[in-house]
There are 2 protein chains.
Amino acid sequence: MTTTNKINKLVVIGVGLIGGSFALALKRAGLVNTVTGVGRSPANLDTALRLGVVDEICVDPASAVVDADMVLLAVPVGQMAGVMAAIAPALPEYAVVSDAGSTKQDVVALARQFLPQHLPRFVPAHPIAGAEKSGAEAALVDLYYNKNLVITALSENTADAIKRVRDLWLACGARIREMTPAEHDGVFAAVSHLPHLLAFALVDEIAAKPNAEQCFRFAASGFRDSTRIASSSPEMWRDISLANRNALLEELQQYQQQLTRLQMLLANADGEGMLAMFTRARDARNHWLTEILGSGKAE
Amino acid sequence: MTTTNKINKLVVIGVGLIGGSFALALKRAGLVNTVTGVGRSPANLDTALRLGVVDEICVDPASAVVDADMVLLAVPVGQMAGVMAAIAPALPEYAVVSDAGSTKQDVVALARQFLPQHLPRFVPAHPIAGAEKSGAEAALVDLYYNKNLVITALSENTADAIKRVRDLWLACGARIREMTPAEHDGVFAAVSHLPHLLAFALVDEIAAKPNAEQCFRFAASGFRDSTRIASSSPEMWRDISLANRNALLEELQQYQQQLTRLQMLLANADGEGMLAMFTRARDARNHWLTEILGSGKAE
């Protein structure tokens, strides 16, 4: 990367784990002169400033972006529409905008609605990284090292805007992947959103049983791990579920059909059929662990 | 416990993690003179002997139990019928027999079928402990320390036989719980068996997708934890599923109904309804973690 690509003013809207870690990594890489942090919580912005995650802070998205050359929208998907509407009138034409939303078709639809003039330089993306903690305090300079970053470029995007976004994430240490927004949403509905919903549904169902206390008293490590993601933020998962509703409904339906197949096997006492399903699952998971996770191709 | 309760000959049928750890704990407690290990794999029995898990080995269950005063059936539930049939003609009337099966109604039904003369001294039990590894090599003297041990006593059991089994597990460090076989099977169908089936079903469904490889490439830590139990033994879970078929079918049906409720919320874009379900689940799980798991009341 040449110095001509250096960002003069990066505006990060939403200075939490995701936005804060992006800022820290680019500052360390020497790719940005000034980072302005924008958010709704003055306390969190003060923390970001104190920790050096950002260089200046601002509570108004519009006035922050007025002279930005790069903007990252790192707010939860439920807040994306409001932020886009707020920056639309103030955004300079030359600024490149990207986001870090967990869903992509809805973010693209919002961009088409609120930033129609800016589509050549709005490059949607999704870093596949996370941690238990949140807020500016949780930001890590290495969060994206060796993690996947999915770019779901628009047909309207300029090659230069796409390269700009790629280069920044490469400088964070991420591995760049490309998909269409629909592919992205289908893949994450299957491997992330559906498992979260299944875990929430399971814990809620057990908690509603007349003998819930007795059940929980005997729940052990298998239950603990398989429901860990049911301790995630309810608000965030409501928003992601709504944002990726169509793909998730499709996944839920396919999973219901799969459970119905399993129910039939069990009702028929079909031991061979169950053994076949369980063996396929065990082998596929172990293959994934050793060949994909183990090789560092995923988080 | 007085020395009059000392076992002269303990026979452990199935010298794996469960049976081997029971033997080790009782040997350390000085509660047994001789442990005889019985199993189908000569190599595993040799290992058990070499590691001092057992004092002598035998491949024939009937000849092993002929002078036993305590017998533990620690084979997978799928092998329970064969073992009971084998020991029935040789078992001395005074011997106390217990088991470590993951399901209880089926074990009780088998005992009524194969050991009808022995019901006063057949005390069904289930230690709630496990580990990733299996075989005699995996046996741990402390496996049962602070773990739950469920006794599902029969109406035919003598008070003395129940006390005998309780005292042995107490000496292993376990916490004794009492339930009926039906209660036991319902609780474990909900908190253990159902989650295993859901995990197998999920991984198998994703592995069957046309874009399975792409999906697995983006599966991350949430997926890893929520499907960890899909790496469990397919044979063991086929057997447990068949053994606890009725309770598990009931749980599967209730879970399908719960998923249908969630599907409706999503189809109706009912954000409040989803937030309520996710919040109940998150709160119930966190309460479980801090109040039950954290206090050592469960594994």
# chains A, B, ... in the order shown; residues from 1 in each chain; ligands from 1

$ residues_around --residues "Ala207 (chain A)" --least-positions-apart "4" --cutoff "9 Å" --atoms "only C-alpha atoms" --output "MDAnalysis selection string"
(chainID A and resid 202:203 211:213 215:216) or (chainID B and resid 280:281 284:285)

$ write_last_selection --atoms "N, CA and C atoms" --output "JSON list (two decimals), in the first residue's frame"
[["chain", "number", "residue", "atom", "x", "y", "z"],
["A", 202, "LEU", "N", -34.35, -23.64, 22.87],
["A", 202, "LEU", "CA", -34.18, -24.79, 23.76],
["A", 202, "LEU", "C", -34.20, -24.36, 25.23],
["A", 203, "VAL", "N", -33.44, -23.35, 25.55],
["A", 203, "VAL", "CA", -33.38, -22.92, 26.96],
["A", 203, "VAL", "C", -34.74, -22.40, 27.41],
["A", 211, "ASN", "N", -41.15, -28.87, 35.73],
["A", 211, "ASN", "CA", -40.01, -29.36, 36.52],
["A", 211, "ASN", "C", -38.69, -28.73, 36.06],
["A", 212, "ALA", "N", -38.78, -27.44, 35.68],
["A", 212, "ALA", "CA", -37.60, -26.76, 35.13],
["A", 212, "ALA", "C", -36.41, -26.79, 36.10],
["A", 213, "GLU", "N", -36.70, -26.57, 37.39],
["A", 213, "GLU", "CA", -35.59, -26.51, 38.34],
["A", 213, "GLU", "C", -34.87, -27.85, 38.42],
["A", 215, "CYS", "N", -34.80, -30.09, 36.07],
["A", 215, "CYS", "CA", -34.06, -30.27, 34.80],
["A", 215, "CYS", "C", -32.73, -29.55, 34.85],
["A", 216, "PHE", "N", -32.75, -28.28, 35.24],
["A", 216, "PHE", "CA", -31.50, -27.51, 35.24],
["A", 216, "PHE", "C", -30.49, -28.09, 36.23],
["B", 280, "ARG", "N", -36.00, -14.32, 28.04],
["B", 280, "ARG", "CA", -36.30, -15.40, 29.01],
["B", 280, "ARG", "C", -35.19, -16.46, 28.96],
["B", 281, "ALA", "N", -34.75, -16.80, 27.75],
["B", 281, "ALA", "CA", -33.73, -17.84, 27.61],
["B", 281, "ALA", "C", -32.41, -17.37, 28.21],
["B", 284, "ALA", "N", -32.69, -17.24, 32.02],
["B", 284, "ALA", "CA", -32.76, -18.58, 32.62],
["B", 284, "ALA", "C", -31.39, -19.24, 32.59],
["B", 285, "ARG", "N", -30.68, -19.07, 31.46],
["B", 285, "ARG", "CA", -29.37, -19.70, 31.36],
["B", 285, "ARG", "C", -28.38, -19.06, 32.33]]

$ interface_residues --of "chain B" --to "chain A" --cutoff "6 Å" --atoms "only C-alpha atoms" --output "PyMOL selection string"
chain B and resi 187+191+200+203-204+215+217-220+225-226+230-231+234+238+275+278-279+281-282+298-299

$ residues_around --residues "region 56-61 of chain A" --least-positions-apart "6" --cutoff "10 Å" --atoms "only C-alpha atoms" --output "MDAnalysis selection string"
chainID A and resid 11:15 34:42 45:46 48:50 83:88 90:91

$ residues_around --residues "Leu10 (chain B)" --least-positions-apart "3" --cutoff "8 Å" --atoms "only C-alpha atoms" --output "ChimeraX atom specification"
/B:7,32-36,68-72

$ write_last_selection --atoms "C-alpha atoms" --output "compact mmCIF listing (two decimals), in the first residue's frame"
# COMPACT_ATOMS: atom_id res chain seq x y z
CA ILE B 7 -16.84 -55.73 49.53
CA VAL B 32 -13.04 -53.52 48.23
CA ASN B 33 -10.70 -56.51 48.45
CA THR B 34 -10.68 -57.60 44.82
CA VAL B 35 -11.98 -55.99 41.65
CA THR B 36 -12.63 -58.26 38.70
CA ALA B 68 -19.31 -61.71 43.62
CA ASP B 69 -20.94 -59.74 46.39
CA MET B 70 -21.24 -56.56 44.29
CA VAL B 71 -21.69 -56.23 40.53
CA LEU B 72 -21.69 -53.00 38.50

$ atom_distance --atom1 "CA of Ala171 (chain B)" --atom2 "CA of Asn8 (chain B)"
16.0 Å

$ select_by_dssp --residues "region 116-212 of chain A" --states "strand (DSSP E or B)" --output "list in words"
Phe122, Val123, Ala125, His126, Pro127, Asn148, Leu149, Val150, Ile151, Arg175, Ile176, Arg177 and Glu178 of chain A

$ atom_distance --atom1 "CA of Leu154 (chain B)" --atom2 "CA of Arg121 (chain B)"
9.3 Å

$ residues_around --residues "Gly20 (chain A)" --least-positions-apart "2" --cutoff "9 Å" --atoms "only C-alpha atoms" --output "PyMOL selection string"
chain A and resi 12+14-18+22-25+37+48+53-54+74+135-141

$ select_by_dssp --residues "region 104-246 of chain B" --states "helix (DSSP H, G or I)" --output "NGL selection string"
:B and (105-114 or 116-121 or 136-138 or 159-171 or 181-207 or 212-218 or 221-226 or 228-231 or 234-243 or 245-246)

$ closest_residue --among "B:Val75, B:Val108, B:Ile240, B:Met80" --to "Ser134 (chain B)" --atoms "only C-alpha atoms"
B:Val75

$ residues_around --residues "Ala81 (chain A)" --least-positions-apart "5" --cutoff "9 Å" --atoms "only C-alpha atoms" --output "mmCIF file with N, CA and C atoms, in the first residue's frame"
data_model
loop_
_atom_site.group_PDB
_atom_site.id
_atom_site.type_symbol
_atom_site.label_atom_id
_atom_site.label_comp_id
_atom_site.auth_asym_id
_atom_site.auth_seq_id
_atom_site.Cartn_x
_atom_site.Cartn_y
_atom_site.Cartn_z
ATOM 1 N N ALA A 86 -29.070 9.861 8.792
ATOM 2 C CA ALA A 86 -28.426 11.028 9.409
ATOM 3 C C ALA A 86 -27.229 11.528 8.594
ATOM 4 N N VAL A 107 -28.808 -4.424 4.726
ATOM 5 C CA VAL A 107 -27.959 -3.230 4.733
ATOM 6 C C VAL A 107 -27.896 -2.646 3.313
ATOM 7 N N LEU A 110 -31.085 -0.860 2.642
ATOM 8 C CA LEU A 110 -31.110 0.436 3.331
ATOM 9 C C LEU A 110 -30.225 1.449 2.607
ATOM 10 N N ALA A 111 -29.073 0.999 2.140
ATOM 11 C CA ALA A 111 -28.180 1.911 1.420
ATOM 12 C C ALA A 111 -28.851 2.410 0.142
ATOM 13 N N GLN A 113 -31.925 2.795 -0.243
ATOM 14 C CA GLN A 113 -32.994 3.705 0.153
ATOM 15 C C GLN A 113 -32.443 5.050 0.656
ATOM 16 N N PHE A 114 -31.424 4.997 1.514
ATOM 17 C CA PHE A 114 -30.982 6.228 2.191
ATOM 18 C C PHE A 114 -29.752 6.876 1.575
#

$ atom_distance --atom1 "CA of Asp67 (chain B)" --atom2 "CA of Pro181 (chain B)"
29.1 Å
